[in-house]
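*Asks:* Hey, dropping upload.txt in here, compact mmCIF, C-alpha atoms:
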```
# COMPACT_ATOMS: atom_id res chain seq x y z
CA MET A 1 -23.45 71.20 14.80
CA THR A 2 -23.85 67.81 13.16
CA SER A 3 -23.26 64.91 15.52
CA VAL A 4 -21.33 61.90 14.27
CA LEU A 5 -21.21 58.60 16.11
CA ASN A 6 -18.22 56.43 15.26
CA VAL A 7 -18.77 52.77 15.97
CA ASP A 8 -17.98 49.42 14.40
CA THR A 9 -20.99 47.47 15.65
CA ILE A 10 -24.55 48.32 16.62
CA ALA A 11 -26.59 45.94 18.75
CA ASP A 12 -29.39 46.25 21.27
CA LYS A 13 -28.61 47.31 24.83
CA ALA A 14 -28.15 43.67 25.85
CA GLY A 15 -25.38 43.50 23.26
CA THR A 16 -26.72 40.43 21.49
CA GLY A 17 -29.87 41.40 19.59
CA ALA A 18 -30.87 43.62 16.71
CA VAL A 19 -31.87 47.23 17.18
CA ALA A 20 -35.03 48.72 15.75
CA LEU A 21 -32.92 50.44 13.10
CA THR A 22 -32.32 47.25 11.22
CA LYS A 23 -35.09 44.86 12.11
CA GLN A 24 -37.06 44.00 8.95
CA SER A 25 -35.92 47.11 7.10
CA ALA A 26 -32.58 46.30 5.49
CA SER A 27 -32.22 43.72 2.75
CA LYS A 28 -30.47 40.57 3.90
CA ALA A 29 -29.02 39.49 0.58
CA TRP A 30 -28.80 40.69 -2.99
CA ILE A 31 -27.12 39.48 -6.14
CA ASN A 32 -26.59 40.31 -9.80
CA ILE A 33 -25.84 37.25 -11.95
CA ASP A 34 -24.53 37.07 -15.50
CA MET A 35 -26.44 33.94 -16.45
CA ILE A 36 -24.81 33.66 -19.86
CA ASN A 37 -21.32 33.29 -18.39
CA ALA A 38 -22.56 31.86 -15.08
CA VAL A 39 -20.72 34.40 -12.93
CA THR A 40 -21.72 36.61 -10.03
CA LEU A 41 -21.29 40.24 -11.04
CA ASP A 42 -21.85 41.59 -7.53
CA SER A 43 -23.53 40.38 -4.39
CA PHE A 44 -24.14 40.66 -0.67
CA ASN A 45 -24.45 37.68 1.69
CA ASN A 46 -23.82 35.28 -1.16
CA SER A 47 -21.43 32.33 -0.90
CA SER A 48 -21.88 30.75 -4.33
CA ILE A 49 -24.26 30.22 -7.21
CA THR A 50 -25.44 27.08 -8.98
CA ASP A 51 -26.39 27.02 -12.65
CA VAL A 52 -29.43 24.79 -12.36
CA SER A 53 -30.58 25.01 -15.98
CA THR A 54 -31.11 27.57 -18.71
CA GLY A 55 -32.35 30.75 -17.06
CA VAL A 56 -32.41 29.20 -13.60
CA PHE A 57 -29.76 29.88 -10.96
CA ARG A 58 -29.63 29.13 -7.26
CA ASP A 59 -28.14 31.77 -4.95
CA HIS A 60 -26.54 30.17 -1.88
CA LEU A 61 -26.53 32.50 1.11
CA ALA A 62 -23.52 32.92 3.37
CA THR A 63 -25.70 33.62 6.41
CA ALA A 64 -29.06 31.88 6.71
CA LEU A 65 -32.45 33.49 7.06
CA VAL A 66 -34.50 32.43 10.05
CA ASN A 67 -37.20 30.84 7.87
CA ALA A 68 -38.01 30.28 4.19
CA ASN A 69 -40.85 32.78 4.10
CA TYR A 70 -38.72 35.76 3.15
CA ALA A 71 -39.49 37.97 0.16
CA VAL A 72 -37.41 38.10 -3.01
CA THR A 73 -37.85 40.72 -5.73
CA ALA A 74 -36.08 40.30 -9.05
CA SER A 75 -35.47 41.87 -12.41
CA ALA A 76 -33.91 40.78 -15.70
CA MET A 77 -31.82 42.86 -18.04
CA ASP A 78 -32.39 43.06 -21.76
CA PRO A 79 -30.04 40.62 -23.53
CA THR A 80 -29.59 43.04 -26.42
CA LYS A 81 -28.56 45.83 -24.03
CA THR A 82 -29.69 48.52 -26.43
CA ASP A 83 -31.53 51.62 -25.42
CA SER A 84 -34.61 50.94 -27.48
CA GLY A 85 -34.44 47.23 -28.21
CA GLY A 86 -37.23 45.01 -27.02
CA THR A 87 -36.48 43.01 -23.93
CA ASN A 88 -39.20 40.39 -23.72
CA ARG A 89 -37.57 39.17 -20.55
CA THR A 90 -38.70 38.93 -16.97
CA ALA A 91 -37.34 37.40 -13.77
CA ASP A 92 -38.70 36.14 -10.53
CA GLY A 93 -37.14 35.05 -7.28
CA THR A 94 -38.34 32.25 -5.04
CA PRO A 95 -37.02 31.22 -1.62
CA SER A 96 -36.30 27.51 -1.67
CA SER A 97 -34.88 27.25 1.85
CA THR A 98 -33.34 29.38 4.59
CA VAL A 99 -29.99 29.28 2.80
CA GLN A 100 -30.86 29.64 -0.86
CA PHE A 101 -33.25 31.23 -3.29
CA VAL A 102 -33.83 30.64 -6.98
CA LEU A 103 -33.69 33.28 -9.70
CA ARG A 104 -35.47 32.42 -12.93
CA ALA A 105 -35.32 34.56 -16.05
CA SER A 106 -37.71 33.92 -18.88
CA ALA A 107 -39.33 35.35 -21.96
CA TYR A 108 -42.93 36.35 -21.65
CA ASP A 109 -44.02 33.04 -23.15
CA ASN A 110 -42.44 31.53 -20.01
CA THR A 111 -39.50 30.03 -21.90
CA ALA A 112 -36.47 30.15 -19.59
CA ASN A 113 -33.59 32.25 -20.92
CA ASP A 114 -30.12 33.10 -19.69
CA VAL A 115 -29.70 36.88 -19.44
CA PRO A 116 -26.55 38.97 -18.89
CA ALA A 117 -27.90 40.45 -15.67
CA ALA A 118 -30.51 38.90 -13.42
CA ALA A 119 -30.81 40.72 -10.13
CA GLY A 120 -32.56 39.72 -6.93
CA VAL A 121 -33.02 41.15 -3.43
CA ALA A 122 -34.08 39.22 -0.32
CA HIS A 123 -35.91 40.77 2.65
CA GLY A 124 -36.67 38.94 5.87
CA ASP A 125 -35.16 37.99 9.22
CA LEU A 126 -31.64 36.66 9.54
CA ALA A 127 -31.16 33.63 11.76
CA MET B 1 -36.90 51.39 29.46
CA ALA B 2 -35.97 51.60 25.80
CA SER B 3 -32.70 53.33 25.10
CA ILE B 4 -32.70 55.85 22.27
CA LEU B 5 -29.54 57.24 20.75
CA LYS B 6 -30.05 60.50 18.86
CA VAL B 7 -27.43 61.39 16.26
CA ASP B 8 -27.39 62.78 12.73
CA GLU B 9 -24.85 60.44 11.24
CA LEU B 10 -23.29 57.05 11.88
CA GLN B 11 -19.77 56.12 10.77
CA GLY B 12 -17.65 53.05 11.30
CA ILE B 13 -14.35 53.48 13.12
CA THR B 14 -12.35 50.84 11.26
CA ALA B 15 -13.94 51.87 7.96
CA ALA B 16 -16.30 54.83 7.80
CA GLY B 17 -18.61 53.04 5.39
CA ASP B 18 -18.90 49.72 7.21
CA ILE B 19 -20.92 49.20 10.38
CA THR B 20 -21.83 45.72 11.58
CA VAL B 21 -25.25 45.01 13.02
CA THR B 22 -26.59 41.97 14.83
CA SER B 23 -29.21 39.80 13.12
CA GLU B 24 -32.83 39.53 14.28
CA GLY B 25 -32.19 35.99 15.46
CA GLY B 26 -28.98 37.00 17.21
CA ALA B 27 -26.97 34.24 15.52
CA ALA B 28 -25.15 36.37 12.98
CA THR B 29 -23.87 39.81 12.16
CA GLN B 30 -24.08 41.62 8.89
CA SER B 31 -23.04 44.86 7.25
CA LEU B 32 -25.56 47.62 7.76
CA GLN B 33 -24.56 49.55 4.65
CA GLN B 34 -24.71 46.57 2.30
CA GLY B 35 -28.25 45.76 3.33
CA LEU B 36 -29.70 49.18 2.75
CA ALA B 37 -31.55 50.10 -0.42
CA LYS B 38 -29.56 52.79 -2.19
CA ALA B 39 -32.46 53.96 -4.33
CA TRP B 40 -36.13 53.21 -4.88
CA ALA B 41 -39.02 54.82 -6.71
CA PHE B 42 -42.75 54.60 -7.17
CA THR B 43 -43.74 55.87 -10.59
CA ASP B 44 -46.98 56.44 -12.45
CA GLY B 45 -46.14 55.83 -16.09
CA THR B 46 -49.53 56.83 -17.48
CA GLY B 47 -50.34 60.24 -18.91
CA THR B 48 -47.55 62.61 -18.02
CA ALA B 49 -45.31 60.08 -16.32
CA SER B 50 -44.02 61.16 -12.92
CA VAL B 51 -42.25 59.85 -9.87
CA SER B 52 -44.67 59.78 -6.95
CA ASP B 53 -42.16 58.92 -4.25
CA SER B 54 -38.51 57.98 -4.21
CA LEU B 55 -35.13 57.75 -2.52
CA ASN B 56 -31.92 58.97 -4.17
CA ILE B 57 -33.68 59.83 -7.42
CA GLY B 58 -32.66 63.26 -8.70
CA GLY B 59 -34.00 63.11 -12.23
CA PHE B 60 -36.57 61.30 -14.32
CA THR B 61 -36.82 61.05 -18.11
CA ASP B 62 -39.77 59.64 -20.03
CA ASN B 63 -38.03 58.24 -23.13
CA GLY B 64 -41.29 57.10 -24.65
CA THR B 65 -44.02 54.61 -23.96
CA GLY B 66 -42.93 52.32 -21.15
CA ASP B 67 -39.31 53.50 -21.36
CA TYR B 68 -37.95 55.50 -18.43
CA THR B 69 -34.60 56.63 -17.11
CA PHE B 70 -34.08 57.46 -13.44
CA SER B 71 -30.99 59.46 -12.46
CA PHE B 72 -29.42 58.93 -9.07
CA SER B 73 -28.72 61.89 -6.81
CA SER B 74 -25.73 60.00 -5.40
CA ALA B 75 -23.97 57.74 -7.89
CA MET B 76 -23.41 54.03 -7.43
CA GLY B 77 -19.86 52.73 -7.09
CA ASN B 78 -20.19 50.42 -10.09
CA ALA B 79 -22.73 49.31 -12.68
CA THR B 80 -23.14 45.76 -11.39
CA TYR B 81 -25.49 46.55 -8.53
CA GLY B 82 -28.57 44.52 -7.72
CA GLY B 83 -32.22 45.32 -7.48
CA GLY B 84 -35.77 44.24 -8.02
CA SER B 85 -38.78 45.62 -9.83
CA ALA B 86 -42.50 45.09 -10.18
CA ALA B 87 -45.49 46.50 -12.01
CA ALA B 88 -49.14 46.60 -11.10
CA SER B 89 -51.90 47.52 -13.48
CA SER B 90 -55.63 47.26 -13.90
CA GLN B 91 -55.13 46.44 -17.57
CA ALA B 92 -56.06 42.99 -18.83
CA ASN B 93 -52.57 42.18 -20.03
CA GLY B 94 -49.94 41.13 -17.56
CA GLN B 95 -47.40 43.83 -16.94
CA ASN B 96 -43.68 43.47 -16.50
CA PHE B 97 -41.30 46.15 -15.30
CA GLN B 98 -37.61 45.41 -15.66
CA LEU B 99 -34.36 47.11 -14.76
CA HIS B 100 -32.87 47.43 -18.22
CA ILE B 101 -29.56 49.29 -18.47
CA PHE B 102 -27.40 49.70 -15.38
CA ASN B 103 -25.19 52.80 -15.14
CA THR B 104 -23.50 54.27 -12.10
CA THR B 105 -25.51 57.48 -12.39
CA SER B 106 -28.79 56.16 -13.72
CA ILE B 107 -30.96 53.13 -14.36
CA ARG B 108 -33.03 52.71 -17.52
CA THR B 109 -36.19 50.68 -17.14
CA ARG B 110 -38.83 49.17 -19.37
CA ALA B 111 -42.46 48.37 -18.74
CA GLU B 112 -43.94 45.84 -21.13
CA ASN B 113 -47.11 43.89 -21.57
CA SER B 114 -47.32 40.13 -21.85
CA SER B 115 -46.37 40.31 -25.53
CA GLY B 116 -43.18 42.21 -24.79
CA THR B 117 -44.56 45.46 -26.17
CA LEU B 118 -43.63 48.64 -24.33
CA THR B 119 -46.61 49.96 -22.41
CA ASP B 120 -47.35 52.59 -19.81
CA CYS B 121 -48.40 51.32 -16.43
CA ALA B 122 -49.88 53.11 -13.43
CA ARG B 123 -47.75 51.53 -10.72
CA LEU B 124 -44.07 50.87 -11.32
CA VAL B 125 -41.76 50.19 -8.41
CA PHE B 126 -38.11 49.23 -8.10
CA ASN B 127 -35.33 49.14 -5.56
CA ILE B 128 -31.56 49.29 -5.99
CA THR B 129 -29.00 47.60 -3.75
CA GLY B 130 -25.23 47.75 -4.03
CA ASP B 131 -22.38 50.11 -3.27
CA LEU B 132 -22.73 53.86 -3.36
CA ALA B 133 -19.71 55.68 -4.76
```
What does the file become when written as structure tokens?
*Replies:*
Amino acid sequence: MTSVLNVDTIADKAGTGAVALTKQSASKAWINIDMINAVTLDSFNNSSITDVSTGVFRDHLATALVNANYAVTASAMDPTKTDSGGTNRTADGTPSSTVQFVLRASAYDNTANDVPAAAGVAHGDLA
Amino acid sequence: MASILKVDELQGITAAGDITVTSEGGAATQSLQQGLAKAWAFTDGTGTASVSDSLNIGGFTDNGTGDYTFSFSSAMGNATYGGGSAAASSQANGQNFQLHIFNTTSIRTRAENSSGTLTDCARLVFNITGDLA
């Protein structure tokens, strides 16, 4: 028989800390930004975005990380959105503080470009 | 003594798909489900391309040099999910691996060299975050 535990909140036995299930393993924020229209397509733990410049957006986090040493992975979608069209786009994510990270999309010659979908995921410890 | 709870499945009471967990620092709470990767894969794109290890990947199609489609075993709830990707290669050219076309049942990816030309690469990794259907 499969056992199912129905709960709303999981914490450590003291009731205030994280359990081993979540510590370091779950992402703490993610976002998908349409840079062309400067809108958030979907997100988690995001409060707002700032259009810094062409191809550069700042993701403001709703809940802070404990430090600015967290890891961000990113990816950029092809602006032509065709199955076989060349993309020539890349993206990187950089933590700039405990409450925001920067997504930058560029062509391979390092020229910044707005793309219709720039995605990023942050891993680290929440405050 | 550490307490260990052994179960096969966790569900929220208020909403089956939403369980709140306490942060590492203890100052915040956050959704457990939203933080979990919904799919990831490690792929060798050289030779006969293949998926070496994965989560929630039920199918893999080699569309051509550097062009791959991964099908999800469990579909995403929408096509606006997030994710990240990276490539590693011993080749001289820099490698880029990008999530290319987002669908609820699959993700199409492209591996390219520093000139933007599709290329096969030995180590391609990505993760997907968002809502499962």
*Asks:* Quote the spacing between CA of Thr90 (chain A) and CA of Thr54 (chain A) in Å to one decimal place.
*Replies:* 13.8 Å
*Asks:* Counting only C-alpha atoms, what are the residues of chain B within 7 Å of chain A, and for each of them which pair of atoms is the nearest and at what distance in Å, to one decimal? Sort the table by chain and rising number, as a Markdown table.
*Replies:*
```
| residue | atom | partner | partner_atom | distance |
| --- | --- | --- | --- | --- |
| B:Val7 | CA | A:Ser3 | CA | 5.5 |
| B:Asp8 | CA | A:Ser3 | CA | 5.4 |
| B:Glu9 | CA | A:Val4 | CA | 4.9 |
| B:Leu10 | CA | A:Leu5 | CA | 5.0 |
| B:Gln11 | CA | A:Asn6 | CA | 4.8 |
| B:Gly12 | CA | A:Asp8 | CA | 4.8 |
| B:Ile13 | CA | A:Val7 | CA | 5.3 |
| B:Thr14 | CA | A:Asp8 | CA | 6.6 |
| B:Ile19 | CA | A:Asp8 | CA | 5.0 |
| B:Thr20 | CA | A:Thr9 | CA | 4.5 |
| B:Val21 | CA | A:Ile10 | CA | 4.9 |
| B:Thr22 | CA | A:Ala18 | CA | 5.0 |
| B:Ser23 | CA | A:Leu126 | CA | 5.3 |
| B:Glu24 | CA | A:Ala18 | CA | 5.1 |
| B:Gly25 | CA | A:Ala127 | CA | 4.5 |
| B:Gly26 | CA | A:Gly17 | CA | 5.1 |
| B:Ala27 | CA | A:Ala127 | CA | 5.7 |
| B:Ala28 | CA | A:Ala127 | CA | 6.7 |
| B:Gln34 | CA | A:Phe44 | CA | 6.6 |
| B:Gly35 | CA | A:Ser27 | CA | 4.5 |
| B:Leu36 | CA | A:Ala26 | CA | 4.9 |
| B:Thr80 | CA | A:Asp42 | CA | 5.8 |
| B:Tyr81 | CA | A:Asp42 | CA | 6.2 |
| B:Gly82 | CA | A:Ala119 | CA | 5.0 |
| B:Gly83 | CA | A:Ala119 | CA | 5.5 |
| B:Gly84 | CA | A:Ala74 | CA | 4.1 |
| B:Ser85 | CA | A:Ser75 | CA | 5.6 |
| B:Asn96 | CA | A:Thr90 | CA | 6.8 |
| B:Gln98 | CA | A:Ser75 | CA | 5.3 |
| B:Leu99 | CA | A:Ser75 | CA | 5.8 |
| B:His100 | CA | A:Met77 | CA | 4.7 |
| B:Ile101 | CA | A:Lys81 | CA | 6.6 |
| B:Ser114 | CA | A:Tyr108 | CA | 5.8 |
| B:Ser115 | CA | A:Tyr108 | CA | 6.5 |
| B:Gly116 | CA | A:Asn88 | CA | 4.5 |
| B:Thr129 | CA | A:Trp30 | CA | 7.0 |
```
*Asks:* Have a look at A:Asp114, A:Ile36, A:Ala14, A:Asn46 and name the one nearest to Val99 (chain A); count all atoms listed in the file.
*Replies:* A:Asn46
*Asks:* So the first atom is CA of Gln100 (chain A) and the second is CA of Thr109 (chain B); what is the distance between them in Å, to one decimal place?
*Replies:*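 Those two atoms sit 27.1 Å apart.
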*Asks:* Rank nothing, just name the residue among B:Asn78, B:Ser50, B:Ser31, B:Ser73 nearest to Asp131 (chain B), using all atoms listed in the file.
*Replies:*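 Among B:Asn78, B:Ser50, B:Ser31, B:Ser73, it is B:Asn78 that comes nearest to Asp131 (chain B).
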*Asks:* Which residues of region 53-82 of chain B come within 9 Å of region 44-49 of chain B, and for each one, what is the closest pair of atoms and their distance in Å to one decimal, counting all atoms listed in the file, sorted by chain and residue number, as a Markdown table?
*Replies:*
```
| residue | atom | partner | partner_atom | distance |
| --- | --- | --- | --- | --- |
| B:Thr61 | CA | B:Ala49 | CA | 8.7 |
| B:Asp62 | CA | B:Ala49 | CA | 6.7 |
| B:Thr65 | CA | B:Gly45 | CA | 8.2 |
| B:Gly66 | CA | B:Gly45 | CA | 6.9 |
| B:Asp67 | CA | B:Gly45 | CA | 8.9 |
| B:Tyr68 | CA | B:Gly45 | CA | 8.5 |
```
*Asks:* Using Å and a single decimal, report how far CA of Ile128 (chain B) sits from CA of Ser47 (chain A).
*Replies:*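 CA of Ser47 (chain A) sits 20.4 Å away from CA of Ile128 (chain B).
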*Asks:* For Thr98 (chain A), which residue among A:Ala38, A:Ala62, A:Val52, A:Ala112 is the nearest when counting all atoms listed in the file?
*Replies:* A:Ala62
*Asks:* Between B:Asp120, B:Ala111, B:Thr104, B:Lys6, which is the closest to Leu132 (chain B) once you count all atoms listed in the file?
*Replies:*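 Counting all atoms listed in the file, the residue closest to Leu132 (chain B) is B:Thr104.
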*Asks:* Any chance you could export region 107-127 of chain B with N, CA and C atoms, as a PDB file, in the first residue's frame?
*Replies:*
```pdb
ATOM      1  N   ILE B 107      11.330  19.856 -25.221  1.00  0.00           N
ATOM      2  CA  ILE B 107      12.199  21.023 -25.347  1.00  0.00           C
ATOM      3  C   ILE B 107      13.193  20.726 -26.467  1.00  0.00           C
ATOM      4  N   ARG B 108      13.298  21.670 -27.409  1.00  0.00           N
ATOM      5  CA  ARG B 108      14.277  21.508 -28.491  1.00  0.00           C
ATOM      6  C   ARG B 108      15.498  22.353 -28.165  1.00  0.00           C
ATOM      7  N   THR B 109      16.656  21.783 -28.336  1.00  0.00           N
ATOM      8  CA  THR B 109      17.889  22.446 -27.919  1.00  0.00           C
ATOM      9  C   THR B 109      18.864  22.536 -29.087  1.00  0.00           C
ATOM     10  N   ARG B 110      19.821  23.443 -28.928  1.00  0.00           N
ATOM     11  CA  ARG B 110      20.839  23.605 -29.971  1.00  0.00           C
ATOM     12  C   ARG B 110      22.203  23.781 -29.323  1.00  0.00           C
ATOM     13  N   ALA B 111      23.162  23.051 -29.847  1.00  0.00           N
ATOM     14  CA  ALA B 111      24.554  23.203 -29.435  1.00  0.00           C
ATOM     15  C   ALA B 111      25.310  23.840 -30.597  1.00  0.00           C
ATOM     16  N   GLU B 112      26.015  24.920 -30.296  1.00  0.00           N
ATOM     17  CA  GLU B 112      26.679  25.669 -31.356  1.00  0.00           C
ATOM     18  C   GLU B 112      28.100  26.016 -30.940  1.00  0.00           C
ATOM     19  N   ASN B 113      28.926  26.249 -31.926  1.00  0.00           N
ATOM     20  CA  ASN B 113      30.276  26.701 -31.607  1.00  0.00           C
ATOM     21  C   ASN B 113      30.288  28.233 -31.528  1.00  0.00           C
ATOM     22  N   SER B 114      31.456  28.789 -31.364  1.00  0.00           N
ATOM     23  CA  SER B 114      31.551  30.229 -31.135  1.00  0.00           C
ATOM     24  C   SER B 114      31.166  31.057 -32.355  1.00  0.00           C
ATOM     25  N   SER B 115      31.009  30.406 -33.495  1.00  0.00           N
ATOM     26  CA  SER B 115      30.565  31.107 -34.704  1.00  0.00           C
ATOM     27  C   SER B 115      29.064  30.969 -34.909  1.00  0.00           C
ATOM     28  N   GLY B 116      28.403  30.250 -34.007  1.00  0.00           N
ATOM     29  CA  GLY B 116      26.972  30.056 -34.156  1.00  0.00           C
ATOM     30  C   GLY B 116      26.619  28.889 -35.058  1.00  0.00           C
ATOM     31  N   THR B 117      27.591  28.078 -35.392  1.00  0.00           N
ATOM     32  CA  THR B 117      27.350  26.915 -36.247  1.00  0.00           C
ATOM     33  C   THR B 117      27.015  25.711 -35.391  1.00  0.00           C
ATOM     34  N   LEU B 118      25.950  25.002 -35.766  1.00  0.00           N
ATOM     35  CA  LEU B 118      25.563  23.806 -35.029  1.00  0.00           C
ATOM     36  C   LEU B 118      26.722  22.828 -34.969  1.00  0.00           C
ATOM     37  N   THR B 119      26.932  22.258 -33.787  1.00  0.00           N
ATOM     38  CA  THR B 119      28.048  21.335 -33.612  1.00  0.00           C
ATOM     39  C   THR B 119      27.702  20.309 -32.545  1.00  0.00           C
ATOM     40  N   ASP B 120      28.219  19.117 -32.687  1.00  0.00           N
ATOM     41  CA  ASP B 120      28.023  18.112 -31.649  1.00  0.00           C
ATOM     42  C   ASP B 120      29.014  18.339 -30.528  1.00  0.00           C
ATOM     43  N   CYS B 121      28.597  18.039 -29.340  1.00  0.00           N
ATOM     44  CA  CYS B 121      29.415  18.296 -28.162  1.00  0.00           C
ATOM     45  C   CYS B 121      29.261  17.116 -27.208  1.00  0.00           C
ATOM     46  N   ALA B 122      30.338  16.791 -26.511  1.00  0.00           N
ATOM     47  CA  ALA B 122      30.339  15.573 -25.691  1.00  0.00           C
ATOM     48  C   ALA B 122      29.542  15.715 -24.399  1.00  0.00           C
ATOM     49  N   ARG B 123      29.459  16.907 -23.867  1.00  0.00           N
ATOM     50  CA  ARG B 123      28.765  17.071 -22.585  1.00  0.00           C
ATOM     51  C   ARG B 123      27.763  18.203 -22.677  1.00  0.00           C
ATOM     52  N   LEU B 124      26.513  17.852 -22.717  1.00  0.00           N
ATOM     53  CA  LEU B 124      25.425  18.834 -22.790  1.00  0.00           C
ATOM     54  C   LEU B 124      24.506  18.608 -21.602  1.00  0.00           C
ATOM     55  N   VAL B 125      24.286  19.644 -20.830  1.00  0.00           N
ATOM     56  CA  VAL B 125      23.420  19.499 -19.661  1.00  0.00           C
ATOM     57  C   VAL B 125      22.385  20.619 -19.637  1.00  0.00           C
ATOM     58  N   PHE B 126      21.215  20.315 -19.126  1.00  0.00           N
ATOM     59  CA  PHE B 126      20.203  21.351 -18.917  1.00  0.00           C
ATOM     60  C   PHE B 126      19.295  20.953 -17.766  1.00  0.00           C
ATOM     61  N   ASN B 127      18.613  21.942 -17.223  1.00  0.00           N
ATOM     62  CA  ASN B 127      17.576  21.670 -16.232  1.00  0.00           C
ATOM     63  C   ASN B 127      16.353  22.515 -16.559  1.00  0.00           C
TER      64      ASN B 127
END
```
